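Text of the file structure.cif, holding mmCIF, C-alpha atoms and all ligand atoms:
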```
data_model
#
loop_
_atom_site.label_atom_id
_atom_site.label_comp_id
_atom_site.auth_asym_id
_atom_site.auth_seq_id
_atom_site.Cartn_x
_atom_site.Cartn_y
_atom_site.Cartn_z
CA MET L 290 0.00 0.00 0.00
CA GLU L 291 1.31 3.43 -1.00
CA ASN L 292 0.68 5.75 1.89
CA LYS L 293 2.22 9.05 2.86
CA ILE L 294 4.34 9.39 5.98
CA ILE L 295 2.34 9.43 9.19
CA PRO L 296 4.46 11.13 11.88
CA TYR L 297 3.89 10.72 15.62
CA GLY L 298 2.89 14.36 15.91
CA ARG L 299 2.53 17.36 13.64
CA GLN L 300 1.40 20.97 13.59
CA ASP L 301 -1.74 22.29 11.93
CA ILE L 302 -1.35 25.71 10.28
CA THR L 303 -4.56 27.27 8.95
CA ASP L 304 -5.12 30.23 6.61
CA GLU L 305 -6.23 32.17 9.67
CA ASP L 306 -2.86 31.46 11.35
CA ILE L 307 -1.03 32.66 8.24
CA ARG L 308 -3.12 35.83 8.05
CA ALA L 309 -2.37 36.57 11.71
CA VAL L 310 1.38 36.26 11.11
CA ILE L 311 1.32 38.40 7.95
CA GLU L 312 -0.68 41.10 9.69
CA THR L 313 1.92 41.25 12.45
CA LEU L 314 4.80 41.26 9.95
CA GLN L 315 3.18 44.34 8.38
CA SER L 316 2.71 46.07 11.73
CA ASP L 317 5.17 48.38 13.53
CA PHE L 318 6.48 45.67 15.85
CA LEU L 319 8.29 42.47 14.92
CA THR L 320 9.40 42.05 18.54
CA GLN L 321 8.77 43.72 21.93
CA GLY L 322 5.36 44.83 20.67
CA PRO L 323 1.74 44.38 21.76
CA LYS L 324 1.19 40.82 20.47
CA ILE L 325 3.37 39.38 23.22
CA LYS L 326 1.32 40.77 26.09
CA GLU L 327 -1.87 39.78 24.26
CA PHE L 328 -0.58 36.21 23.93
CA GLU L 329 0.45 36.14 27.59
CA ASP L 330 -2.92 37.44 28.78
CA LYS L 331 -4.91 35.02 26.62
CA PHE L 332 -2.71 32.09 27.57
CA ALA L 333 -2.89 32.86 31.30
CA LYS L 334 -6.67 33.05 31.01
CA SER L 335 -6.86 29.75 29.10
CA VAL L 336 -5.03 27.80 31.82
CA ASP L 337 -6.48 29.78 34.72
CA ALA L 338 -3.19 31.33 35.90
CA LYS L 339 -2.62 34.89 37.11
CA TYR L 340 0.60 35.72 35.23
CA ALA L 341 2.24 34.40 32.06
CA VAL L 342 5.62 35.29 30.52
CA ALA L 343 6.24 34.31 26.89
CA VAL L 344 9.75 33.16 25.98
CA ASN L 345 11.65 31.91 22.94
CA ASN L 346 11.31 28.23 23.93
CA ALA L 347 10.41 26.11 26.94
CA THR L 348 14.05 25.33 27.74
CA SER L 349 14.65 29.07 28.30
CA GLY L 350 11.42 29.14 30.28
CA LEU L 351 12.63 26.34 32.56
CA HIS L 352 15.97 28.13 32.99
CA ILE L 353 14.53 31.46 34.12
CA ALA L 354 11.83 29.67 36.14
CA VAL L 355 14.37 27.84 38.33
CA MET L 356 16.33 31.10 38.66
CA ALA L 357 13.20 33.01 39.68
CA LEU L 358 12.48 30.25 42.22
CA GLY L 359 15.95 30.94 43.63
CA LEU L 360 17.70 27.68 42.66
CA LYS L 361 21.43 28.00 43.35
CA GLU L 362 24.61 26.10 42.64
CA GLY L 363 24.96 22.98 44.79
CA GLN L 364 21.25 22.75 45.65
CA ARG L 365 19.31 19.65 44.61
CA ILE L 366 16.07 19.06 42.76
CA ILE L 367 14.07 15.91 42.01
CA THR L 368 12.52 15.10 38.65
CA THR L 369 11.35 12.11 36.62
CA PRO L 370 13.64 10.11 34.31
CA ILE L 371 10.80 9.78 31.78
CA THR L 372 10.88 13.24 30.28
CA PHE L 373 12.75 15.33 27.75
CA ALA L 374 16.24 16.17 29.01
CA ALA L 375 15.41 19.88 29.36
CA SER L 376 13.25 19.21 32.45
CA ALA L 377 16.44 18.18 34.24
CA ASN L 378 18.95 20.36 32.39
CA CYS L 379 17.46 23.59 33.73
CA ALA L 380 18.85 22.74 37.17
CA ARG L 381 22.30 22.05 35.67
CA PHE L 382 22.26 25.50 33.98
CA VAL L 383 22.57 27.04 37.45
CA GLY L 384 24.95 24.39 38.79
CA ALA L 385 22.33 22.55 40.86
CA GLU L 386 22.21 18.75 41.18
CA VAL L 387 19.55 16.61 39.50
CA TRP L 388 18.21 13.61 41.39
CA PHE L 389 15.69 11.23 39.89
CA ALA L 390 12.77 9.46 41.55
CA ASP L 391 10.97 6.62 39.80
CA ILE L 392 7.69 6.72 37.89
CA ASP L 393 4.38 5.08 38.65
CA ARG L 394 4.19 2.01 36.44
CA GLU L 395 0.55 2.65 35.40
CA THR L 396 0.43 6.42 34.83
CA TYR L 397 4.10 6.80 33.79
CA LEU L 398 4.21 9.95 35.94
CA LEU L 399 6.71 10.80 38.68
CA SER L 400 5.51 8.77 41.67
CA VAL L 401 4.68 10.87 44.72
CA GLU L 402 5.45 7.86 46.96
CA LYS L 403 8.88 7.30 45.40
CA THR L 404 9.59 11.03 45.60
CA ARG L 405 8.62 11.03 49.27
CA ALA L 406 10.82 7.99 49.92
CA LEU L 407 13.80 9.68 48.28
CA ILE L 408 13.26 12.93 50.20
CA GLU L 409 12.86 11.11 53.51
CA SER L 410 15.99 9.01 52.92
CA LYS L 411 18.05 12.21 53.22
CA PRO L 412 18.52 14.81 55.94
CA ARG L 413 16.06 17.70 56.06
CA GLY L 414 17.02 20.48 53.66
CA PHE L 415 18.86 18.14 51.30
CA PHE L 416 16.45 18.92 48.44
CA THR L 417 15.20 22.32 47.28
CA GLY L 418 12.53 21.66 44.66
CA ILE L 419 10.54 19.16 42.63
CA ILE L 420 10.01 19.30 38.86
CA PRO L 421 7.10 16.96 38.00
CA VAL L 422 6.14 16.52 34.34
CA ASP L 423 2.61 16.10 32.94
CA PHE L 424 3.99 13.32 30.79
CA ALA L 425 2.18 12.61 27.50
CA GLY L 426 -0.43 15.18 28.59
CA LEU L 427 -1.57 13.39 31.75
CA PRO L 428 -1.84 15.87 34.63
CA VAL L 429 0.32 15.19 37.67
CA ASN L 430 -1.73 15.24 40.88
CA LEU L 431 -0.13 18.42 42.18
CA GLU L 432 -2.33 18.55 45.24
CA GLU L 433 -0.48 15.47 46.54
CA PHE L 434 2.91 16.88 45.53
CA ARG L 435 2.07 20.19 47.24
CA LYS L 436 1.41 18.40 50.50
CA LEU L 437 4.77 16.64 50.26
CA ALA L 438 6.57 19.82 49.20
CA ASP L 439 5.09 21.83 52.07
CA GLU L 440 6.13 19.20 54.61
CA HIS L 441 9.72 19.61 53.45
CA GLY L 442 9.83 23.28 52.42
CA LEU L 443 10.29 22.63 48.69
CA TRP L 444 9.08 24.54 45.66
CA ILE L 445 7.34 22.89 42.68
CA LEU L 446 8.01 23.72 39.04
CA GLU L 447 5.48 21.94 36.82
CA ASP L 448 6.78 20.98 33.38
CA ALA L 449 3.45 21.23 31.54
CA CYS L 450 4.96 21.17 28.03
CA HIS L 451 2.75 18.21 27.07
CA ALA L 452 -0.40 19.37 28.69
CA PRO L 453 -2.07 22.72 27.79
CA GLY L 454 -5.78 22.06 28.27
CA GLY L 455 -5.36 19.01 30.52
CA TYR L 456 -6.76 19.09 34.07
CA PHE L 457 -7.42 17.04 37.18
CA ASN L 458 -10.13 17.50 39.78
CA ASP L 459 -8.70 17.99 43.26
CA SER L 460 -10.15 16.64 46.52
CA ASN L 461 -12.57 19.60 46.63
CA LYS L 462 -13.78 18.63 43.14
CA GLN L 463 -12.20 21.79 41.75
CA LYS L 464 -10.97 21.58 38.18
CA GLN L 465 -7.21 22.26 38.19
CA PHE L 466 -5.84 23.01 34.74
CA CYS L 467 -2.24 22.06 34.03
CA GLY L 468 -0.12 25.14 34.58
CA ASN L 469 -2.80 27.02 36.54
CA VAL L 470 -0.17 27.10 39.32
CA GLU L 471 -2.72 26.64 42.06
CA TYR L 472 -0.50 23.97 43.66
CA ALA L 473 2.79 24.56 41.81
CA ASP L 474 4.92 27.72 42.15
CA ALA L 475 5.48 28.04 38.41
CA ALA L 476 4.79 26.03 35.26
CA VAL L 477 6.32 25.89 31.80
CA PHE L 478 4.81 25.21 28.34
CA SER L 479 6.42 24.64 24.93
CA PHE L 480 5.26 25.86 21.54
CA HIS L 481 7.52 23.60 19.49
CA PRO L 482 5.54 22.31 16.46
CA VAL L 483 5.12 18.76 17.82
CA LYS L 484 3.38 20.17 20.90
CA HIS L 485 -0.24 21.38 21.03
CA ILE L 486 0.39 25.01 20.08
CA ALA L 487 2.95 25.71 17.36
CA CYS L 488 4.94 28.95 17.26
CA GLY L 489 7.96 27.49 15.43
CA GLU L 490 9.86 27.93 18.65
CA GLY L 491 8.28 29.36 21.77
CA GLY L 492 7.38 28.82 25.38
CA MET L 493 5.43 30.23 28.32
CA VAL L 494 6.01 30.39 32.05
CA THR L 495 2.98 30.79 34.31
CA THR L 496 2.88 31.77 37.98
CA ASN L 497 0.46 33.25 40.50
CA SER L 498 3.23 35.05 42.39
CA GLU L 499 3.87 38.69 41.50
CA GLU L 500 7.42 38.40 42.84
CA ILE L 501 8.25 35.44 40.58
CA TYR L 502 6.52 37.16 37.67
CA LYS L 503 8.70 40.27 38.03
CA LYS L 504 11.86 38.18 38.22
CA LEU L 505 10.85 36.28 35.08
CA LEU L 506 10.33 39.54 33.18
CA LEU L 507 13.76 40.80 34.23
CA LEU L 508 15.57 37.55 33.41
CA ARG L 509 13.89 37.27 30.01
CA SER L 510 15.36 40.56 28.89
CA HIS L 511 18.96 41.03 30.07
CA GLY L 512 17.99 41.85 33.65
CA ILE L 513 17.15 45.32 32.38
CA THR L 514 14.24 47.47 33.55
CA LYS L 515 13.07 51.07 33.34
CA GLU L 516 10.99 50.77 36.52
CA ASN L 517 13.13 53.13 38.63
CA MET L 518 13.03 55.97 36.14
CA SER L 519 12.32 59.28 37.85
CA GLU L 520 11.22 62.67 36.48
CA ASN L 521 14.72 64.15 36.19
CA GLN L 522 16.08 61.25 34.14
CA GLY L 523 16.08 61.21 30.34
CA GLY L 524 13.93 58.93 28.26
CA TRP L 525 16.89 56.67 27.56
CA PHE L 526 17.21 55.68 31.22
CA TYR L 527 17.37 52.03 32.14
CA GLU L 528 19.01 49.87 34.77
CA MET L 529 20.51 46.41 34.49
CA GLN L 530 19.67 45.01 37.91
CA THR L 531 20.69 41.40 37.46
CA LEU L 532 22.41 39.17 34.91
CA GLY L 533 19.69 38.17 32.48
CA PHE L 534 19.31 36.81 28.97
CA ASN L 535 17.61 37.54 25.70
CA TYR L 536 14.92 34.86 25.86
CA ARG L 537 12.23 36.94 24.14
CA ILE L 538 9.70 35.60 21.63
CA THR L 539 8.87 37.68 18.54
CA ASP L 540 5.53 39.37 17.89
CA PHE L 541 4.84 37.31 14.77
CA GLN L 542 5.39 34.09 16.73
CA ALA L 543 3.07 35.41 19.43
CA ALA L 544 0.47 36.20 16.74
CA LEU L 545 0.71 32.60 15.54
CA GLY L 546 0.44 31.43 19.15
CA ILE L 547 -2.71 33.49 19.75
CA SER L 548 -4.33 32.05 16.64
CA GLN L 549 -3.29 28.49 17.54
CA LEU L 550 -4.39 28.90 21.15
CA SER L 551 -7.95 29.66 20.01
CA ARG L 552 -8.15 26.10 18.59
CA ASN L 553 -6.43 24.28 21.45
CA GLU L 554 -9.55 23.27 23.33
CA ALA L 555 -11.02 21.68 20.19
CA GLY L 556 -7.62 20.07 19.51
CA VAL L 557 -7.53 18.46 22.95
CA LEU L 558 -11.04 17.06 22.40
CA LYS L 559 -9.96 15.64 19.05
CA ARG L 560 -6.85 14.11 20.65
CA ASN L 561 -9.10 12.44 23.22
CA GLU L 562 -11.33 11.00 20.46
CA ILE L 563 -8.23 9.56 18.81
CA ALA L 564 -7.04 8.15 22.15
CA GLN L 565 -10.43 6.52 22.72
CA LYS L 566 -10.28 4.87 19.31
CA TYR L 567 -6.82 3.46 20.10
CA LYS L 568 -8.03 2.22 23.49
CA ASP L 569 -11.09 0.53 21.98
CA ALA L 570 -8.85 -1.24 19.46
CA PHE L 571 -6.15 -2.29 21.96
CA LYS L 572 -8.17 -3.05 25.09
CA GLY L 573 -7.24 -6.45 26.53
CA LYS L 574 -4.49 -6.81 23.90
CA LEU L 575 -1.76 -4.48 25.08
CA LYS L 576 -0.93 -2.01 27.83
CA PHE L 577 -1.31 1.75 27.52
CA GLN L 578 -1.08 4.74 29.87
CA ALA L 579 -3.69 4.54 32.65
CA LEU L 580 -6.15 7.41 33.06
CA PRO L 581 -6.83 8.17 36.74
CA GLU L 582 -10.38 9.16 37.59
CA ASN L 583 -11.36 12.81 37.24
CA CYS L 584 -8.52 13.63 34.83
CA LEU L 585 -8.47 14.96 31.30
CA ASN L 586 -5.32 13.80 29.52
CA ALA L 587 -4.30 16.52 27.02
CA HIS L 588 -2.69 13.73 24.95
CA HIS L 589 0.42 15.18 23.46
CA LEU L 590 1.29 11.48 23.06
CA PHE L 591 -0.42 8.13 22.94
CA VAL L 592 1.99 5.58 24.41
CA ILE L 593 1.59 1.81 24.24
CA GLU L 594 3.84 -0.92 25.65
CA VAL L 595 4.95 -3.95 23.69
CA LYS L 596 7.51 -6.69 24.29
CA ASP L 597 9.25 -6.43 20.91
CA ARG L 598 9.42 -2.67 20.83
CA LYS L 599 12.29 -2.45 18.33
CA GLY L 600 10.49 -4.90 16.07
CA LEU L 601 7.29 -2.85 16.10
CA TYR L 602 9.20 0.41 15.61
CA ASP L 603 10.98 -0.97 12.53
CA PHE L 604 7.82 -2.58 11.13
CA LEU L 605 5.82 0.64 11.48
CA HIS L 606 8.61 2.67 9.88
CA THR L 607 8.65 0.25 6.92
CA ASN L 608 4.98 1.16 6.57
CA LYS L 609 5.82 4.88 6.78
CA ILE L 610 4.32 5.17 10.24
CA TYR L 611 6.92 7.21 12.13
CA ALA L 612 6.16 6.12 15.67
CA GLN L 613 8.63 7.49 18.25
CA ILE L 614 10.07 6.62 21.65
CA HIS L 615 9.43 8.90 24.66
CA TYR L 616 11.86 8.88 26.29
CA ILE L 617 15.29 7.38 26.82
CA PRO L 618 15.43 7.73 30.64
CA VAL L 619 17.33 10.93 31.38
CA HIS L 620 19.51 9.27 34.04
CA GLN L 621 20.78 6.87 31.34
CA LEU L 622 21.96 9.63 29.02
CA PRO L 623 25.79 9.70 29.00
CA TYR L 624 25.97 13.21 30.49
CA TYR L 625 23.89 12.24 33.52
CA LYS L 626 25.53 8.81 33.83
CA LYS L 627 28.87 10.58 34.06
CA ILE L 628 27.66 12.80 36.90
CA GLY L 629 25.69 9.97 38.57
CA TYR L 630 24.35 11.85 41.60
CA ASN L 631 21.89 9.19 42.67
CA SER L 632 23.07 5.97 41.13
CA GLU L 633 21.81 4.15 44.25
CA THR L 634 18.13 5.09 43.63
CA ASP L 635 15.94 2.30 42.24
CA LEU L 636 14.63 3.50 38.87
CA SER L 637 13.54 0.11 37.60
CA ASN L 638 9.98 1.21 36.75
CA SER L 639 11.40 3.85 34.40
CA GLU L 640 13.87 1.41 32.86
CA ASN L 641 11.25 -1.30 32.46
CA TYR L 642 8.82 1.20 30.94
CA TYR L 643 11.48 2.44 28.53
CA SER L 644 12.23 -1.06 27.25
CA ARG L 645 8.59 -1.42 26.11
CA CYS L 646 7.23 2.04 25.24
CA ILE L 647 6.35 3.39 21.82
CA SER L 648 4.31 6.50 20.92
CA LEU L 649 1.77 6.08 18.12
CA PRO L 650 0.68 8.96 15.87
CA MET L 651 -1.38 11.50 17.83
CA TYR L 652 -2.41 14.90 16.43
CA PRO L 653 -5.77 16.53 15.67
CA THR L 654 -5.46 16.29 11.88
CA LEU L 655 -4.73 12.54 11.91
CA THR L 656 -7.51 11.15 9.70
CA ILE L 657 -9.71 8.19 10.57
CA GLU L 658 -8.23 6.25 7.63
CA GLU L 659 -4.68 6.98 8.81
CA GLN L 660 -5.47 5.95 12.36
CA GLU L 661 -7.17 2.77 11.20
CA PHE L 662 -4.07 1.97 9.15
CA VAL L 663 -1.86 2.52 12.24
CA ILE L 664 -4.09 0.26 14.33
CA LYS L 665 -4.22 -2.42 11.62
CA LYS L 666 -0.44 -2.49 11.19
CA THR L 667 0.19 -2.51 14.96
CA LEU L 668 -2.16 -5.43 15.56
CA GLU L 669 -0.81 -7.22 12.48
CA PHE L 670 2.75 -7.05 13.84
CA LEU L 671 1.73 -8.13 17.34
CA ASN L 672 -0.41 -10.89 15.88
CA VAL L 673 -3.19 -10.22 18.40
C1 LIG L 701 9.48 19.85 24.40
C2 LIG L 701 9.77 19.77 25.83
C3 LIG L 701 10.63 20.67 26.48
C4 LIG L 701 11.44 21.68 25.75
O1 LIG L 701 10.70 22.50 24.94
P1 LIG L 701 11.41 23.50 23.90
O2 LIG L 701 10.35 24.50 23.62
O3 LIG L 701 11.78 22.67 22.71
O4 LIG L 701 12.59 24.08 24.56
C5 LIG L 701 10.77 20.56 27.86
N1 LIG L 701 10.13 19.61 28.57
C6 LIG L 701 9.32 18.71 27.96
C7 LIG L 701 8.63 17.69 28.80
C8 LIG L 701 9.13 18.76 26.58
O5 LIG L 701 8.36 17.85 25.99
#
```

Take the structure I supplied and represent it as structure tokens, if you would.
Ligand SMILES: *Cc1c(COP(=O)(O)O)cnc(C)c1O
Amino acid sequence: MENKIIPYGRQDITDEDIRAVIETLQSDFLTQGPKIKEFEDKFAKSVDAKYAVAVNNATSGLHIAVMALGLKEGQRIITTPITFAASANCARFVGAEVWFADIDRETYLLSVEKTRALIESKPRGFFTGIIPVDFAGLPVNLEEFRKLADEHGLWILEDACHAPGGYFNDSNKQKQFCGNVEYADAAVFSFHPVKHIACGEGGMVTTNSEEIYKKLLLLRSHGITKENMSENQGGWFYEMQTLGFNYRITDFQAALGISQLSRNEAGVLKRNEIAQKYKDAFKGKLKFQALPENCLNAHHLFVIEVKDRKGLYDFLHTNKIYAQIHYIPVHQLPYYKKIGYNSETDLSNSENYYSRCISLPMYPTLTIEEQEFVIKKTLEFLNV
């Protein structure tokens, strides 16, 4: 059968998106203009957060977020091995240590019990923060993590790159959107084209703390501000108060982000329809990510587990289905192996998961015919 390539994820750019970008290109501002604040305000509203700071990518967002949270050289954070390396790297950017706690074998998310066990195996004050990840789009139960963090005086930075539009209901039956920072101190999103909202490159940091918000703004733009300008100073006045970066997004990317954001809710619904179709086809035949009660998985990914993972990967690629692996456990990457902060921690759930996981195509414009082809080929290979 002659089919076109079916990737594991892809962006959807509409005529409306293109018009929005062109309009901004023809405006007075290519960067540092009004589209950025508009994007921030609309994004904050969409996830139910007070403040949002747009940046040039989520990796920059994670970097300035840990700095705004006060992470310093020699301090230690805990994250999950099953994530993109950037979730851990942000701590290394400031010279902090990265420790890993294992995942829950059913949800694939950082286990709150394993995190607690790791924290309580060390003296008080050993760790400074936790960076949980809404892996594949499944919301971490941050209410539980908040309780743990408060007991030990830790901050929480939620890596919500996979999860704009996902939510869990807390014990008060309140809907908690990923990145609403009700229980976390800050959260980070990515606008890389494989994620829900495509800006080319782009990211967003959300927080409900005015203090963190102000630090993020400073760090995003060289540590420079005009806020202390007084009447007798000239219009050129500015101060560099701290060592910051140029992590700004452009106005035309923000315009694309605004346009994309308006379709995200519909996109998440479509992703959930696709997930349901996969589940109906695979139920009782193979294992996939569990969905805890009262959660909406934003479904950046749809992950299944199979014994002959390499075999399935190769077979699907032969059929132009570009399934992907998420992720090689971060603690097994050569850089982290070399540092080996916590080589004594049991991470066997993560390693066992990694030996079996494969992400099937998941994006709103995946057609029914394409998905049926993916399902057919997967079941054909597994002979189930
Ligand atoms: C994509 C991703 C990032 C990094 O995003 P960029 O915008 O590419 O920097 C960080 N964390 C997770 C979990 C991601 O999936």

From L:Thr396, L:Ser479, L:Gln465, L:Thr313, residue lying nearest L:Ser639 [all atoms listed in the file]: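 Going through L:Thr396, L:Ser479, L:Gln465, L:Thr313 one by one, the smallest distance to L:Ser639 is for L:Thr396.
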
All residues having an atom within 6 Å of ligand LIG 701 (chain L) (all atoms listed in the file) as a ChimeraX atom specification: /L:346-348,372-373,375-376,448,450-451,479-481,491-492

Just the residues within 8 Å of L:Ser648, please, counting all atoms listed in the file, with nothing from its chain fewer than 6 positions along; format it as a PDB file with C-alpha atoms, in the coordinates of the input.
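Produced file around-v2.pdb, reproduced below:
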```
ATOM      1  CA  TYR L 297       3.890  10.720  15.620  1.00  0.00           C
ATOM      2  CA  LEU L 590       1.290  11.480  23.060  1.00  0.00           C
ATOM      3  CA  PHE L 591      -0.420   8.130  22.940  1.00  0.00           C
ATOM      4  CA  VAL L 592       1.990   5.580  24.410  1.00  0.00           C
ATOM      5  CA  ILE L 593       1.590   1.810  24.240  1.00  0.00           C
ATOM      6  CA  ALA L 612       6.160   6.120  15.670  1.00  0.00           C
ATOM      7  CA  GLN L 613       8.630   7.490  18.250  1.00  0.00           C
ATOM      8  CA  ILE L 614      10.070   6.620  21.650  1.00  0.00           C
ATOM      9  CA  HIS L 615       9.430   8.900  24.660  1.00  0.00           C
TER      10      HIS L 615
END
```

Nearest to L:Thr654 by atom-to-atom distance, counting all atoms listed in the file, from L:Lys464, L:Arg299, L:Lys627, L:Lys566: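 The answer is L:Arg299, which sits nearest to L:Thr654.
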
Counting only C-alpha atoms, the option among L:Lys503, L:Lys324, L:Arg308, L:His441 closest to L:Ile538: L:Lys324

d(atom CA of L:Arg560, atom CA of L:Ala341) in Å: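 If I compute the distance from atom CA of L:Arg560 to atom CA of L:Ala341, I get 25.0 Å.
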